[in-house]
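For reference, the structure discussed in these notes is given below.
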Amino acid sequence: MPFHARRRVSFEKRLIVSLRLNLDIEFVKLSVYLDMLLQMQLSTDYSIFPLGDAALTIDFGNTIDEIINHKVLALFHLLKENPPKGVIECVPAYSTLTVYYDVWVVRKYNPQYTTAFEAVADQLEQQLAQPIEDLQLQSQHHRIPACYDPAFALDMDAMVTAKNISVEDIVRIHSSKTYTVYMLGFLPGFTYMGKVDDAITMPRKINPRPGVEAGSVGIAGNQTGIYPLVSPGGWQLIGRTPLKLFKPDSNDFTLLKPGDTVQFYSISKDEFDSY
């Protein structure tokens with residue numbers, strides 16, 4: 001074999017060996033990284049990830065669970081009463097808490113950290129190391145009047161057909177249970193409450209209505225909620241309450257708050273009109 005041919009073959013072998021070595025190194029790095037992630041998941045029941053450059057989210061899992069929601073609300077109230085330097089606002093949801101912060105303030109008071117995210121995340125992890133789920137939350141119980149008259153229960157007939165159940169049973173089941181307000185969202189004061197009895201669960205409408213009246217009571221999956229304002233909406237409507245959920249002129253703004261409990265009671269159309 002000519003010298004230049006042997007040289008080319010030798011170069012190709014070295015190149016293959018080098019590529020294989022690099023691949024092996026990258027594979028080891030990836031394995032170590034995945035093992036670290038696995039250990040993190042095994043050691044905690046939550047994850048913390050950045051949401052843009054000035055917020056982060058603590059995620060306890062994609063589920064509707066009263067115990068998890070209690071932990072979210074407990075942490076929310078702790079941070080509301082004693083926020084770390086730079087924390088601006090906290091927003092609780094079913095199983096997550098989003099924390100907004102001022103990057104410059106956080107960096108000013110935590111120069112030992114590389115980023116503001118690391119500083120806030122570390123302080124939150126210290127809070128989460130405490131038994132916050134044992135805290136007693138301040139909450140209120142509300143009895144909400146609801147009129148299940150056909151004038152307001154626009155999807156009642158569809159539910160009767162889909163669930164093979166009478167109107168009377170739907171009203172009885174819906175109004176006999178105490179619901180927890182898990183979160184507010186979508187609109188100011190819109191309540192996400194659960195859990196609805198399996199006998200009356202219904203999926204969201206495929207084609208949302210362009211306008212749902214304020215006070216409308218609806219069901220979506222195993223949740224029930226009340227529309228505080230006129231808006232588009234795809235929940236299955238079974239009634240309406242005369243109460244105002246969004247109160248912009250009051251200090252509290254909303255009638256219901258996360259952690260509160262609600263029980264509906266049935267009223268007639270005449271009672272609704274004269275409420």
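Within each chain, counting starts at residue 1; across the structure tokens, chains are named A, B, ... in the order shown, with ligands numbered 1 upward in that order.
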Original post:
Got a sec: who's within 8 Å of A:Ala93, counting only C-alpha atoms, leaving out chain neighbours fewer than 5 positions off, as a list of chain:residue names?
Top reply: A:Asn69, A:Val72, A:Tyr182, A:Met183, A:Leu184
Subject >> Close residues, stretch 242-254 of chain A itself excluded, 10 Å, only C-alpha atoms, min 6 positions apart in chain, as a PyMOL selection string >> reply: chain A and resi 144-147+184+187-191+214-216+226-229+271-275
Would you please extract all alpha helix (DSSP H) residues from stretch 148-229 of chain A, as assigned by DSSP on the backbone, and give them as an mmCIF file with N, CA and C atoms, in the first residue's frame?
```cif
data_model
loop_
_atom_site.group_PDB
_atom_site.id
_atom_site.type_symbol
_atom_site.label_atom_id
_atom_site.label_comp_id
_atom_site.auth_asym_id
_atom_site.auth_seq_id
_atom_site.Cartn_x
_atom_site.Cartn_y
_atom_site.Cartn_z
ATOM 1 N N MET A 156 -78.378 22.047 31.290
ATOM 2 C CA MET A 156 -78.951 21.015 32.152
ATOM 3 C C MET A 156 -79.510 19.844 31.337
ATOM 4 N N ASP A 157 -80.206 20.146 30.237
ATOM 5 C CA ASP A 157 -80.789 19.073 29.416
ATOM 6 C C ASP A 157 -79.700 18.171 28.845
ATOM 7 N N ALA A 158 -78.589 18.771 28.414
ATOM 8 C CA ALA A 158 -77.476 17.983 27.873
ATOM 9 C C ALA A 158 -76.889 17.075 28.941
ATOM 10 N N MET A 159 -76.823 17.560 30.176
ATOM 11 C CA MET A 159 -76.310 16.750 31.276
ATOM 12 C C MET A 159 -77.257 15.608 31.605
ATOM 13 N N VAL A 160 -78.549 15.902 31.592
ATOM 14 C CA VAL A 160 -79.544 14.857 31.864
ATOM 15 C C VAL A 160 -79.385 13.715 30.867
ATOM 16 N N THR A 161 -79.195 14.068 29.597
ATOM 17 C CA THR A 161 -79.042 13.052 28.556
ATOM 18 C C THR A 161 -77.712 12.317 28.685
ATOM 19 N N ALA A 162 -76.638 13.066 28.883
ATOM 20 C CA ALA A 162 -75.303 12.456 28.916
ATOM 21 C C ALA A 162 -75.100 11.574 30.138
ATOM 22 N N LYS A 163 -75.650 11.962 31.278
ATOM 23 C CA LYS A 163 -75.413 11.235 32.523
ATOM 24 C C LYS A 163 -76.566 10.312 32.905
ATOM 25 N N VAL A 167 -83.018 16.054 36.499
ATOM 26 C CA VAL A 167 -82.650 17.408 36.905
ATOM 27 C C VAL A 167 -82.605 17.500 38.428
ATOM 28 N N GLU A 168 -83.594 16.903 39.069
ATOM 29 C CA GLU A 168 -83.669 16.948 40.529
ATOM 30 C C GLU A 168 -82.437 16.323 41.168
ATOM 31 N N ASP A 169 -81.965 15.217 40.590
ATOM 32 C CA ASP A 169 -80.776 14.561 41.146
ATOM 33 C C ASP A 169 -79.521 15.403 40.923
ATOM 34 N N ILE A 170 -79.437 16.044 39.763
ATOM 35 C CA ILE A 170 -78.286 16.911 39.500
ATOM 36 C C ILE A 170 -78.239 18.042 40.529
ATOM 37 N N VAL A 171 -79.386 18.677 40.764
ATOM 38 C CA VAL A 171 -79.451 19.773 41.738
ATOM 39 C C VAL A 171 -79.110 19.265 43.136
ATOM 40 N N ARG A 172 -79.681 18.124 43.492
ATOM 41 C CA ARG A 172 -79.443 17.562 44.830
ATOM 42 C C ARG A 172 -77.965 17.233 45.024
ATOM 43 N N ILE A 173 -77.366 16.581 44.046
ATOM 44 C CA ILE A 173 -75.957 16.177 44.165
ATOM 45 C C ILE A 173 -75.044 17.402 44.202
ATOM 46 N N HIS A 174 -75.300 18.358 43.319
ATOM 47 C CA HIS A 174 -74.433 19.537 43.240
ATOM 48 C C HIS A 174 -74.510 20.367 44.510
ATOM 49 N N SER A 175 -75.702 20.480 45.095
ATOM 50 C CA SER A 175 -75.883 21.346 46.257
ATOM 51 C C SER A 175 -75.661 20.637 47.593
#
```
Subject >> Residue contacts of A:Phe117 (8 Å, only C-alpha atoms) excluding same-chain residues fewer than 3 positions away, as a PyMOL selection string >> reply: chain A and resi 50+53-56+120-121
**OP:** Write out as a ChimeraX atom specification all residues of stretch 23-254 of chain A that DSSP puts in strand (DSSP E) for this structure's backbone.
**Re:** /A:47-50,55-59,87-92,96-101,141-147,179-184,191-194,209-212,216-220,223-226,231-233,236-240,246-247,253-254
**OP:** Could you tell me which of A:Ser266, A:Asn164, A:Gln223, A:Thr115 comes closest to A:Asp197 if we count only C-alpha atoms?
**Re:**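 Using only C-alpha atoms, the shortest distance to A:Asp197 belongs to A:Gln223.
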Subject >> Contacts of A:Asp155 at 10 Å (only C-alpha atoms; same-chain gap of 3+ positions) as an MDAnalysis selection string >> reply: chainID A and resid 150 152 158:160 205 218:219 235:239
